[in-house]
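Chemist: Sharing target_29.cif (mmCIF, C-alpha atoms) below.
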```
data_start
#
loop_
_atom_site.label_atom_id
_atom_site.label_comp_id
_atom_site.auth_asym_id
_atom_site.auth_seq_id
_atom_site.Cartn_x
_atom_site.Cartn_y
_atom_site.Cartn_z
CA MET A 18 -1.12 -27.75 15.51
CA THR A 19 1.10 -26.99 12.53
CA GLU A 20 4.25 -24.93 12.98
CA MET A 21 3.65 -21.26 12.28
CA ARG A 22 6.23 -19.54 10.10
CA LYS A 23 7.88 -16.47 11.55
CA GLU A 24 6.54 -14.24 8.76
CA ASP A 25 2.99 -15.22 9.64
CA THR A 26 3.25 -14.27 13.28
CA VAL A 27 3.47 -11.15 15.34
CA LYS A 28 4.57 -10.77 18.94
CA LEU A 29 2.43 -8.79 21.36
CA ILE A 30 4.11 -7.80 24.60
CA SER A 31 2.21 -6.86 27.74
CA ALA A 32 3.03 -4.24 30.37
CA GLU A 33 4.72 -6.86 32.49
CA GLY A 34 6.79 -8.10 29.61
CA PHE A 35 4.88 -11.27 28.78
CA GLU A 36 5.16 -12.16 25.10
CA PHE A 37 2.25 -13.55 23.10
CA VAL A 38 3.15 -14.88 19.68
CA ILE A 39 0.04 -15.04 17.58
CA ASN A 40 -1.01 -15.44 13.98
CA LYS A 41 -0.74 -12.19 11.99
CA GLU A 42 -4.19 -12.60 10.52
CA ALA A 43 -5.60 -12.87 14.03
CA ALA A 44 -3.75 -9.77 15.22
CA MET A 45 -5.11 -7.76 12.33
CA VAL A 46 -8.61 -8.08 13.78
CA SER A 47 -7.33 -4.98 15.56
CA GLN A 48 -7.46 -2.11 13.09
CA THR A 49 -4.67 -0.38 14.99
CA ILE A 50 -2.31 -3.34 14.61
CA ARG A 51 -3.41 -3.82 11.01
CA ASN A 52 -2.54 -0.19 10.20
CA MET A 53 0.86 -0.52 11.74
CA LEU A 54 1.67 -3.73 9.89
CA THR A 55 0.53 -2.30 6.56
CA SER A 56 2.24 1.07 6.60
CA PRO A 57 4.50 1.61 3.59
CA GLY A 58 7.52 -0.54 4.27
CA SER A 59 10.48 1.70 3.52
CA PHE A 60 9.69 3.95 6.47
CA ALA A 61 9.43 1.32 9.13
CA GLU A 62 12.14 -0.76 10.68
CA ALA A 63 12.56 -4.21 9.25
CA GLN A 64 9.49 -5.81 10.63
CA HIS A 65 10.37 -8.01 13.53
CA GLY A 66 6.65 -7.87 14.10
CA GLU A 67 6.89 -6.94 17.75
CA VAL A 68 4.57 -4.55 19.52
CA THR A 69 4.76 -3.53 23.14
CA PHE A 70 1.70 -2.34 25.01
CA PRO A 71 2.97 -0.72 28.21
CA GLU A 72 -0.60 0.05 29.28
CA ILE A 73 -2.19 -3.35 28.77
CA SER A 74 -1.79 -5.93 31.50
CA THR A 75 -0.91 -9.54 30.80
CA THR A 76 -4.35 -10.88 31.77
CA ILE A 77 -6.11 -8.45 29.46
CA LEU A 78 -3.69 -8.98 26.59
CA GLU A 79 -4.16 -12.72 26.90
CA LYS A 80 -7.92 -12.28 26.75
CA ILE A 81 -7.55 -10.06 23.72
CA CYS A 82 -5.48 -12.65 21.89
CA GLN A 83 -8.19 -15.18 22.66
CA TYR A 84 -10.73 -12.73 21.30
CA PHE A 85 -8.77 -12.38 18.06
CA HIS A 86 -8.83 -16.10 17.48
CA TRP A 87 -12.47 -16.39 18.48
CA SER A 88 -13.28 -13.56 16.09
CA LEU A 89 -11.62 -15.34 13.19
CA GLN A 90 -13.53 -18.50 13.99
CA TYR A 91 -16.78 -16.57 14.15
CA ALA A 92 -16.03 -15.03 10.77
CA SER A 93 -15.79 -18.51 9.27
CA GLY A 94 -19.16 -19.44 10.67
CA LYS A 95 -18.52 -21.44 13.80
CA GLU A 96 -20.59 -19.60 16.37
CA THR A 97 -19.67 -19.85 19.98
CA GLU A 98 -19.99 -17.37 22.79
CA PHE A 99 -16.91 -15.50 23.83
CA PRO A 100 -16.56 -15.91 27.60
CA ILE A 101 -15.68 -12.77 29.55
CA GLU A 102 -15.11 -12.82 33.30
CA PRO A 103 -17.11 -9.86 34.69
CA GLU A 104 -14.18 -8.35 36.57
CA LEU A 105 -12.24 -8.02 33.33
CA THR A 106 -15.02 -6.32 31.39
CA LEU A 107 -14.10 -2.67 31.87
CA GLU A 108 -10.41 -3.08 31.20
CA LEU A 109 -11.18 -5.29 28.24
CA MET A 110 -13.53 -2.74 26.73
CA MET A 111 -10.93 0.00 27.09
CA ALA A 112 -8.25 -2.12 25.51
CA ALA A 113 -10.60 -3.04 22.68
CA ASN A 114 -11.30 0.63 22.15
CA TYR A 115 -7.59 1.41 22.07
CA LEU A 116 -6.89 -1.36 19.62
CA HIS A 117 -9.93 -0.52 17.51
CA THR A 118 -11.28 -4.03 17.71
CA MET B 4 -1.30 10.91 33.93
CA GLU B 5 -3.15 13.47 31.86
CA ILE B 6 -1.45 15.02 28.86
CA GLU B 7 -1.63 18.72 28.16
CA LEU B 8 -2.23 19.84 24.59
CA GLU B 9 1.20 21.31 23.88
CA GLN B 10 2.93 18.53 25.76
CA GLY B 11 1.26 15.87 23.66
CA TRP B 12 1.59 17.85 20.50
CA GLU B 13 5.35 18.11 20.96
CA ILE B 14 5.60 14.33 20.81
CA ILE B 15 3.34 14.10 17.78
CA GLU B 16 5.10 16.92 15.97
CA ARG B 17 8.45 15.21 16.39
CA GLY B 18 7.03 12.17 14.64
CA ILE B 19 5.52 14.28 11.85
CA THR B 20 8.82 16.09 11.30
CA ARG B 21 10.66 12.80 11.11
CA LEU B 22 8.18 11.56 8.51
CA LYS B 23 8.59 14.73 6.44
CA ASN B 24 12.37 14.47 6.60
CA ILE B 25 12.26 10.90 5.39
CA LEU B 26 10.09 12.00 2.46
CA GLU B 27 12.60 14.75 1.63
CA GLY B 28 15.33 12.15 1.54
CA LEU B 29 17.10 13.33 4.67
CA PRO B 30 18.86 10.77 6.84
CA GLU B 31 16.50 9.77 9.63
CA PRO B 32 16.08 6.56 11.59
CA LYS B 33 13.07 4.66 10.40
CA PHE B 34 9.98 4.22 12.54
CA SER B 35 10.03 1.25 14.86
CA SER B 36 6.79 -0.27 16.01
CA ALA B 37 7.46 1.35 19.40
CA ASN B 38 7.70 4.81 17.76
CA TYR B 39 4.51 4.09 15.87
CA MET B 40 2.61 2.98 18.93
CA GLU B 41 3.87 5.95 20.94
CA LEU B 42 2.43 8.37 18.40
CA TYR B 43 -0.81 6.46 18.11
CA THR B 44 -1.14 6.18 21.88
CA THR B 45 -0.48 9.89 22.40
CA VAL B 46 -3.27 10.77 19.99
CA TYR B 47 -5.50 8.16 21.61
CA ASN B 48 -4.92 9.51 25.09
CA MET B 49 -5.45 13.10 24.03
CA CYS B 50 -8.79 12.15 22.51
CA THR B 51 -10.07 10.01 25.37
CA GLN B 52 -9.40 12.39 28.22
CA LYS B 53 -12.36 14.01 29.87
CA PRO B 54 -13.34 17.49 28.70
CA PRO B 55 -11.93 20.13 28.76
CA HIS B 56 -8.88 17.97 28.08
CA ASP B 57 -10.41 16.16 25.12
CA TYR B 58 -8.24 17.60 22.34
CA SER B 59 -9.88 15.87 19.37
CA GLN B 60 -10.85 19.10 17.61
CA GLN B 61 -7.41 20.64 18.07
CA LEU B 62 -5.72 17.49 16.76
CA TYR B 63 -8.00 17.43 13.73
CA ASP B 64 -7.17 21.06 12.95
CA ARG B 65 -3.46 20.59 13.53
CA TYR B 66 -3.43 17.51 11.30
CA ARG B 67 -4.66 19.64 8.43
CA GLU B 68 -2.35 22.54 9.30
CA SER B 69 0.69 20.24 9.37
CA ILE B 70 -0.04 19.06 5.88
CA GLY B 71 -0.64 22.62 4.66
CA ASP B 72 2.63 23.81 6.25
CA TYR B 73 4.59 21.04 4.59
CA ILE B 74 3.11 21.79 1.17
CA ASN B 75 3.76 25.52 1.47
CA SER B 76 7.27 25.27 2.83
CA MET B 77 8.67 22.31 0.89
CA VAL B 78 6.43 21.14 -1.95
CA LEU B 79 5.42 24.36 -3.70
CA PRO B 80 8.90 25.95 -3.77
CA SER B 81 10.39 22.82 -5.30
CA LEU B 82 7.70 22.77 -8.00
CA ARG B 83 8.03 26.44 -8.87
CA GLU B 84 11.69 26.11 -9.78
CA LYS B 85 11.10 23.28 -12.28
CA HIS B 86 10.47 23.79 -15.99
CA ASP B 87 9.53 21.78 -19.08
CA GLU B 88 9.15 18.09 -18.42
CA PHE B 89 10.83 18.45 -15.01
CA MET B 90 7.74 20.08 -13.61
CA PRO B 91 5.43 17.11 -14.35
CA MET B 92 8.14 14.73 -13.13
CA GLU B 93 8.45 16.61 -9.86
CA LEU B 94 4.69 16.84 -9.47
CA VAL B 95 4.26 13.10 -9.94
CA LYS B 96 6.96 12.48 -7.33
CA ARG B 97 5.36 14.94 -4.92
CA TRP B 98 1.95 13.38 -5.40
CA GLU B 99 3.30 9.91 -4.63
CA ASN B 100 5.02 11.32 -1.53
CA HIS B 101 1.82 13.01 -0.53
CA LYS B 102 -0.14 9.80 -0.65
CA VAL B 103 2.43 8.17 1.63
CA LEU B 104 2.38 11.17 3.99
CA VAL B 105 -1.39 11.07 4.26
CA ARG B 106 -1.39 7.32 4.79
CA TRP B 107 1.08 7.48 7.68
CA LEU B 108 -0.44 10.53 9.31
CA SER B 109 -3.92 9.07 9.09
CA HIS B 110 -2.59 5.96 10.82
CA PHE B 111 -1.07 8.02 13.66
CA PHE B 112 -4.27 10.02 13.99
CA HIS B 113 -6.41 6.98 13.32
CA TYR B 114 -8.41 7.31 16.52
CA LEU B 115 -9.94 10.52 15.15
CA ASP B 116 -11.25 8.66 12.11
CA TRP B 117 -12.86 6.11 14.32
CA GLU B 118 -14.58 8.23 16.94
CA PHE B 119 -14.49 12.02 16.60
CA ILE B 120 -14.94 12.34 12.85
CA PRO B 121 -17.99 10.11 12.41
CA ARG B 122 -19.58 11.62 15.50
CA ARG B 123 -19.30 15.13 14.04
CA SER B 124 -19.82 14.08 10.41
CA LEU B 125 -16.53 15.64 9.39
CA LEU B 126 -14.38 14.80 6.40
CA PRO B 127 -12.19 11.74 7.04
CA LEU B 128 -8.45 12.24 7.46
CA ARG B 129 -7.52 10.81 4.08
CA GLU B 130 -9.87 13.14 2.26
CA VAL B 131 -8.69 16.16 4.23
CA GLY B 132 -5.15 15.28 3.24
CA PHE B 133 -5.97 14.97 -0.46
CA ILE B 134 -8.02 18.17 -0.49
CA CYS B 135 -5.01 20.05 0.94
CA PHE B 136 -2.94 18.94 -2.01
CA ARG B 137 -5.74 19.70 -4.40
CA ASN B 138 -6.29 23.24 -3.14
CA LEU B 139 -2.65 24.20 -2.75
CA VAL B 140 -0.81 22.29 -5.47
CA TYR B 141 -3.21 20.94 -8.07
CA HIS B 142 -5.09 24.22 -8.55
CA ALA B 143 -1.80 26.06 -9.06
CA PHE B 144 -0.34 23.65 -11.60
CA TYR B 145 -3.10 21.78 -13.42
CA ARG B 146 -3.21 24.16 -16.39
CA ASP B 147 0.52 23.83 -17.01
CA LEU B 148 0.20 20.08 -16.63
CA ARG B 149 -2.59 19.97 -19.15
CA VAL B 150 -0.68 22.02 -21.71
CA TRP B 151 2.26 19.68 -21.35
CA VAL B 152 0.13 16.53 -21.74
CA LEU B 153 -1.71 17.82 -24.80
CA SER B 154 1.48 18.87 -26.52
CA LEU B 155 2.95 15.44 -25.92
CA ILE B 156 -0.13 13.75 -27.35
CA ASP B 157 0.15 15.80 -30.53
CA GLN B 158 3.83 14.98 -30.76
CA GLU B 159 3.01 11.29 -30.55
CA ARG B 160 0.34 11.71 -33.22
CA GLU B 161 3.02 13.14 -35.48
CA GLY B 162 5.09 10.00 -34.95
CA GLU B 163 7.47 11.08 -32.20
CA GLU B 164 8.31 8.84 -29.27
CA ILE B 165 7.19 10.15 -25.94
CA ASP B 166 7.49 9.15 -22.30
CA ARG B 167 4.24 7.24 -21.99
CA ALA B 168 4.83 6.13 -18.43
CA LEU B 169 5.27 9.69 -17.18
CA LEU B 170 2.22 10.75 -19.19
CA LYS B 171 0.13 8.04 -17.57
CA ASN B 172 1.26 9.07 -14.09
CA VAL B 173 0.28 12.68 -14.80
CA VAL B 174 -3.13 11.76 -16.21
CA ASP B 175 -3.71 9.52 -13.18
CA ILE B 176 -3.33 12.59 -10.96
CA PHE B 177 -6.34 14.18 -12.67
CA VAL B 178 -8.28 11.03 -11.83
CA GLU B 179 -7.05 10.49 -8.25
CA ILE B 180 -7.30 14.15 -7.18
CA GLY B 181 -11.07 13.82 -7.40
CA THR B 182 -11.08 11.40 -4.42
CA GLY B 183 -13.58 9.10 -6.09
CA GLN B 184 -15.23 11.63 -8.44
CA MET B 185 -14.21 11.99 -12.08
CA ASP B 186 -15.14 15.70 -12.12
CA TYR B 187 -11.60 17.06 -12.22
CA TYR B 188 -10.49 14.65 -14.91
CA VAL B 189 -13.51 15.45 -17.08
CA HIS B 190 -13.57 19.24 -16.66
CA ASP B 191 -9.91 20.07 -16.20
CA PHE B 192 -8.44 17.64 -18.67
CA GLU B 193 -10.74 15.57 -20.86
CA ALA B 194 -12.76 18.49 -22.28
CA ALA B 195 -9.61 20.24 -23.49
CA MET B 196 -8.13 16.98 -24.74
CA LEU B 197 -11.22 16.34 -26.88
CA ARG B 198 -11.15 19.89 -28.25
CA ALA B 199 -7.48 19.52 -29.18
CA THR B 200 -8.26 16.19 -30.85
CA VAL B 201 -11.00 17.76 -32.97
CA ALA B 202 -8.65 20.57 -34.03
CA TYR B 203 -5.89 18.13 -34.92
CA TYR B 204 -8.03 15.80 -37.03
CA SER B 205 -10.01 18.58 -38.64
CA GLY B 206 -6.74 19.94 -40.04
CA LYS B 207 -5.59 16.51 -41.21
CA ALA B 208 -8.92 15.67 -42.83
CA SER B 209 -8.92 18.89 -44.86
CA ASN B 210 -5.56 17.93 -46.36
CA TRP B 211 -6.24 14.27 -46.89
CA ILE B 212 -9.62 14.73 -48.56
CA GLN B 213 -7.92 16.83 -51.25
CA GLU B 214 -4.86 14.68 -51.76
CA ASP B 215 -5.89 11.08 -51.15
CA SER B 216 -7.97 8.61 -53.08
CA CYS B 217 -10.98 7.20 -51.30
CA PRO B 218 -9.30 3.87 -50.44
CA ASP B 219 -6.15 5.61 -49.16
CA TYR B 220 -8.20 8.01 -47.06
CA LEU B 221 -10.12 5.10 -45.58
CA LEU B 222 -6.88 3.33 -44.70
CA LYS B 223 -5.73 6.43 -42.85
CA VAL B 224 -9.03 6.65 -40.97
CA GLU B 225 -8.74 3.07 -39.87
CA GLU B 226 -5.18 3.62 -38.70
CA CYS B 227 -6.14 6.77 -36.78
CA LEU B 228 -8.96 5.02 -34.95
CA ARG B 229 -6.67 2.14 -34.07
CA SER B 230 -3.94 4.41 -32.76
CA GLU B 231 -6.33 6.54 -30.70
CA LYS B 232 -7.73 3.39 -29.11
CA ASP B 233 -4.17 2.34 -28.34
CA ARG B 234 -3.53 5.76 -26.81
CA VAL B 235 -6.45 5.40 -24.40
CA SER B 236 -5.30 1.97 -23.29
CA HIS B 237 -1.82 3.26 -22.50
CA TYR B 238 -2.39 6.50 -20.67
CA LEU B 239 -5.93 7.83 -20.70
CA HIS B 240 -8.86 6.85 -18.53
CA PRO B 241 -11.00 4.13 -20.17
CA SER B 242 -14.09 6.32 -19.94
CA SER B 243 -12.53 8.64 -22.52
CA GLU B 244 -12.48 6.00 -25.23
CA PRO B 245 -16.02 6.31 -26.64
CA LYS B 246 -15.91 10.12 -26.50
CA LEU B 247 -12.52 10.28 -28.20
CA LEU B 248 -13.35 7.84 -30.97
CA GLU B 249 -16.62 9.62 -31.63
CA LYS B 250 -14.81 12.93 -32.14
CA VAL B 251 -12.25 11.37 -34.49
CA GLN B 252 -14.93 9.61 -36.52
CA ASN B 253 -16.91 12.78 -36.79
CA GLU B 254 -13.99 14.84 -38.10
CA LEU B 255 -12.74 12.20 -40.49
CA LEU B 256 -15.92 10.56 -41.77
CA SER B 257 -19.05 12.56 -41.03
CA VAL B 258 -17.73 15.95 -42.02
CA HIS B 259 -16.23 14.86 -45.33
CA GLY B 260 -18.40 11.78 -45.91
CA ILE B 261 -20.18 12.89 -49.05
CA GLN B 262 -17.06 14.33 -50.63
CA LEU B 263 -15.26 11.09 -49.91
CA LEU B 264 -17.86 8.77 -51.33
CA THR B 265 -18.37 10.80 -54.48
CA LYS B 266 -14.69 11.14 -55.35
CA GLU B 267 -14.51 11.02 -59.07
CA HIS B 268 -11.87 8.43 -59.75
CA SER B 269 -11.89 6.42 -56.56
CA GLY B 270 -15.26 6.92 -54.87
CA PHE B 271 -17.95 4.43 -54.06
CA HIS B 272 -19.14 3.92 -57.66
CA VAL B 273 -15.62 3.12 -58.79
CA LEU B 274 -15.02 0.66 -55.99
CA LEU B 275 -18.25 -1.14 -56.84
CA ARG B 276 -17.52 -1.17 -60.53
CA ASP B 277 -14.01 -2.49 -59.99
CA ASP B 278 -15.02 -5.00 -57.34
CA GLN B 279 -12.62 -3.61 -54.75
CA VAL B 280 -13.94 -5.87 -52.03
CA ASP B 281 -11.30 -5.06 -49.39
CA ASP B 282 -11.83 -1.33 -49.79
CA LEU B 283 -15.59 -1.76 -49.81
CA SER B 284 -15.37 -3.85 -46.63
CA ARG B 285 -13.31 -1.18 -44.96
CA MET B 286 -15.78 1.45 -46.05
CA PHE B 287 -18.70 -0.47 -44.59
CA ARG B 288 -16.82 -1.23 -41.39
CA LEU B 289 -16.04 2.43 -40.84
CA PHE B 290 -19.36 3.85 -41.93
CA SER B 291 -21.40 1.31 -39.99
CA ARG B 292 -20.58 3.30 -36.84
CA LEU B 293 -22.43 6.24 -38.39
CA PRO B 294 -25.94 5.02 -39.18
CA HIS B 295 -27.01 8.07 -41.16
CA ARG B 296 -23.93 7.78 -43.33
CA LEU B 297 -24.58 4.12 -43.95
CA GLN B 298 -27.98 5.13 -45.27
CA LEU B 299 -26.17 7.44 -47.66
CA VAL B 300 -24.01 4.57 -48.86
CA SER B 301 -26.95 2.29 -49.47
CA ASN B 302 -28.72 5.07 -51.38
CA MET B 303 -25.66 5.51 -53.57
CA PHE B 304 -25.54 1.77 -54.18
CA TRP B 305 -29.12 1.76 -55.34
CA GLU B 306 -28.40 4.73 -57.61
CA HIS B 307 -25.50 2.80 -59.10
CA VAL B 308 -27.65 -0.23 -59.80
CA THR B 309 -30.47 1.74 -61.35
CA ASP B 310 -27.97 3.74 -63.43
CA GLU B 311 -26.43 0.64 -64.91
CA PHE B 312 -29.68 -1.27 -65.23
CA PRO B 313 -31.42 0.56 -68.12
CA GLY B 314 -28.25 0.38 -70.25
CA LEU B 315 -27.95 -3.34 -69.76
CA VAL B 316 -31.65 -3.95 -70.27
CA GLN B 317 -31.47 -2.01 -73.52
CA ARG B 318 -28.52 -4.07 -74.71
CA ALA B 319 -30.31 -7.27 -73.73
CA GLN B 320 -33.44 -6.23 -75.64
CA ASP B 321 -31.45 -5.22 -78.73
CA ALA B 322 -29.55 -8.48 -78.64
CA ALA B 323 -32.81 -10.41 -78.26
CA ARG B 324 -34.23 -8.66 -81.34
CA ASN B 325 -31.10 -9.49 -83.31
CA ASN B 326 -31.18 -12.96 -81.92
CA THR B 327 -27.46 -13.21 -81.58
CA LEU B 328 -25.45 -15.24 -79.18
CA GLN B 329 -24.60 -12.01 -77.55
CA VAL B 330 -28.07 -12.07 -75.96
CA LYS B 331 -27.06 -14.83 -73.67
CA ASP B 332 -23.75 -13.19 -72.98
CA ASP B 333 -25.28 -9.85 -72.17
CA SER B 334 -28.14 -11.15 -70.08
CA VAL B 335 -25.78 -13.55 -68.40
CA SER B 336 -23.38 -10.77 -67.70
CA TRP B 337 -26.26 -8.67 -66.40
CA TYR B 338 -27.36 -11.42 -64.07
CA ILE B 339 -23.81 -11.96 -63.00
CA PHE B 340 -23.33 -8.27 -62.37
CA LEU B 341 -26.57 -7.91 -60.43
CA SER B 342 -26.17 -11.00 -58.33
CA ARG B 343 -22.52 -10.22 -57.62
CA SER B 344 -23.43 -6.72 -56.51
CA ILE B 345 -26.21 -7.93 -54.28
CA VAL B 346 -24.05 -10.63 -52.78
CA THR B 347 -21.26 -8.13 -52.22
CA LEU B 348 -23.62 -5.67 -50.60
CA PHE B 349 -25.25 -8.21 -48.34
CA GLY B 350 -21.93 -9.82 -47.59
CA LEU B 351 -20.44 -6.50 -46.58
CA VAL B 352 -23.42 -5.48 -44.50
CA SER B 353 -23.50 -8.74 -42.63
CA SER B 354 -19.76 -8.79 -42.03
CA SER B 355 -19.79 -5.28 -40.59
CA VAL B 356 -22.53 -5.90 -38.01
#
```
Render the structure in this file as structure tokens.
Modeler:
Amino acid sequence: MTEMRKEDTVKLISAEGFEFVINKEAAMVSQTIRNMLTSPGSFAEAQHGEVTFPEISTTILEKICQYFHWSLQYASGKETEFPIEPELTLELMMAANYLHT
Amino acid sequence: MEIELEQGWEIIERGITRLKNILEGLPEPKFSSANYMELYTTVYNMCTQKPPHDYSQQLYDRYRESIGDYINSMVLPSLREKHDEFMPMELVKRWENHKVLVRWLSHFFHYLDWEFIPRRSLLPLREVGFICFRNLVYHAFYRDLRVWVLSLIDQEREGEEIDRALLKNVVDIFVEIGTGQMDYYVHDFEAAMLRATVAYYSGKASNWIQEDSCPDYLLKVEECLRSEKDRVSHYLHPSSEPKLLEKVQNELLSVHGIQLLTKEHSGFHVLLRDDQVDDLSRMFRLFSRLPHRLQLVSNMFWEHVTDEFPGLVQRAQDAARNNTLQVKDDSVSWYIFLSRSIVTLFGLVSSSV
């Protein structure tokens, strides 16, 4: 996998402090994250591109990152099913709602 | 874990105040992504709590009130104390600020746009924000703005240099304030602009038709049309172009068309007689936009031909009777004249279509 440049990535941090560095384009599948990254620049801190989600657990956040990447793949036509473990469903739905995904 | 209305609102209001201060140029720390998410999350939580703690409606109302408060307390006073070109400058600045304000606030309150607003078929946040500005600021100042724009346009028509960039920004407000509809631009600005244009060119035409020869008048018309087209491209909305050019053409060509063409020493007959091809081309180019006038021109051409024809025929017949060399000359010159005229006419017609 090619090296990702820092400008193309964003860091998502879970409640427990786990850091997920993912592709910016993938993260912007979430409308909430997209809005934040595209707010007029002179009002926001120099974008280190870091967002903390104190209410989203590591497991869920990991699943969400996987969903982002799956979603991008789906958009380019490669159809696969996105696997969701049943016990994660509720939390995942709530997180998706929160992130407007 | 549940947030009370005033408790949550305190957090949100702090963020809104910080945003307003930044817009006013006051020293404030910028928003970190943590700040941003805190505001978003507060709104989110307040909207996803179970009734009676679902505060979506209150947040929607307070969003609008916040914007209204800001306009009344900061924006309007600053506009009222500005005069001359400083008022449009300030208004352009305030409008730009307003767009940023609405963008940020609608991001904080984004969850409303996604859930509550569609469910109740309410106006989206962005539109609410723009309508606030329209009702409170635009309606108070658009007449003054218009007067200023129209006076600048006339100044430019008289050859003065004006601030085109500022003019464009002001005209853009008339377009953008309609949130997708051109109604405000058309009714509040364009109608008056067209009326002013008619008045301006009507005055000019009355002078020029007395003073100028036909070719000189036509040169001025051509230059006016070119410069008005240039004006549109620099600071008016493209949709104004056909309407504007039509008004100018009407005042300069339709109204005085007959007087122009029948000018004694420089009118159509003279141009034909003297073979002024450039001037004739220009005439056809300009009149071809006015079909009924072109008919007039072709009628006059035919008149010209039939006027000259009997005289030449008579001379040809006389020469034939006298059997002089002049016969050939005269009939040759007649043929030359006729064919040249026809070629000119057809050439001009085909080059103007």
Chemist: Within 10 Å of Leu54 (chain A), counting only C-alpha atoms, which residues qualify if same-chain residues fewer than 6 places away don't, as a ChimeraX atom specification?
Modeler: /A:27,41,44-45,48,61,64,66-67 /B:36
Chemist: Quick one: distance from CA of His86 (chain A) to CA of Ala43 (chain A) in Å, one decimal?
Modeler: 5.7 Å
Chemist: Taking all atoms listed in the file into account, which residues of chain B are within 10 Å of chain A, as a PyMOL selection string?
Modeler: chain B and resi 22+25-26+31-41+43-44+47-48+51+103-104+106-107+109-111+113-114+117-118
Chemist: Find the spatial neighbours of region 148-152 of chain B, counting all atoms listed in the file, within a cut-off of 10 Å - ignore same-chain residues fewer than 6 positions away - and output them as a list of chain:residue names.
Modeler: B:Asp87, B:Glu88, B:Met90, B:Pro91, B:Leu94, B:Tyr141, B:Gln158, B:Leu169, B:Leu170, B:Lys171, B:Val173, B:Val174, B:Phe177, B:Asp191, B:Phe192, B:Glu193, B:Ala195, B:Met196
Chemist: Would you save the residues of that selection, restricted to C-alpha atoms, as a PDB file, in the frame of the given file?
Modeler:
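Ended up saving to selection.pdb:
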```pdb
ATOM      1  CA  ASP B  87       9.530  21.780 -19.080  1.00  0.00           C
ATOM      2  CA  GLU B  88       9.150  18.090 -18.420  1.00  0.00           C
ATOM      3  CA  MET B  90       7.740  20.080 -13.610  1.00  0.00           C
ATOM      4  CA  PRO B  91       5.430  17.110 -14.350  1.00  0.00           C
ATOM      5  CA  LEU B  94       4.690  16.840  -9.470  1.00  0.00           C
ATOM      6  CA  TYR B 141      -3.210  20.940  -8.070  1.00  0.00           C
ATOM      7  CA  GLN B 158       3.830  14.980 -30.760  1.00  0.00           C
ATOM      8  CA  LEU B 169       5.270   9.690 -17.180  1.00  0.00           C
ATOM      9  CA  LEU B 170       2.220  10.750 -19.190  1.00  0.00           C
ATOM     10  CA  LYS B 171       0.130   8.040 -17.570  1.00  0.00           C
ATOM     11  CA  VAL B 173       0.280  12.680 -14.800  1.00  0.00           C
ATOM     12  CA  VAL B 174      -3.130  11.760 -16.210  1.00  0.00           C
ATOM     13  CA  PHE B 177      -6.340  14.180 -12.670  1.00  0.00           C
ATOM     14  CA  ASP B 191      -9.910  20.070 -16.200  1.00  0.00           C
ATOM     15  CA  PHE B 192      -8.440  17.640 -18.670  1.00  0.00           C
ATOM     16  CA  GLU B 193     -10.740  15.570 -20.860  1.00  0.00           C
ATOM     17  CA  ALA B 195      -9.610  20.240 -23.490  1.00  0.00           C
ATOM     18  CA  MET B 196      -8.130  16.980 -24.740  1.00  0.00           C
TER      19      MET B 196
END
```
Chemist: Please provide as a PyMOL selection string all residues within 12 Å of Glu104 (chain A), with the sequence filter that same-chain residues fewer than 4 positions apart are discarded (counting all atoms listed in the file).
Modeler: chain A and resi 76-77+100+108-110
Chemist: So what do you get for CA of Phe136 (chain B) versus CA of Pro121 (chain B), distance-wise?
Modeler: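 Separation of CA of Phe136 (chain B) and CA of Pro121 (chain B): 22.6 Å.
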Chemist: What is the CA of Ser301 (chain B) to CA of Ser230 (chain B) distance in Å?
Modeler: 28.5 Å
Chemist: Exactly which residues make up the result of the PyMOL selection byres ((chain A and resi 39) around 6) on this file, given as a list in words?
Modeler: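 Selected by the PyMOL selection byres ((chain A and resi 39) around 6) here: Thr26, Val27, Val38 and Asn40 of chain A.
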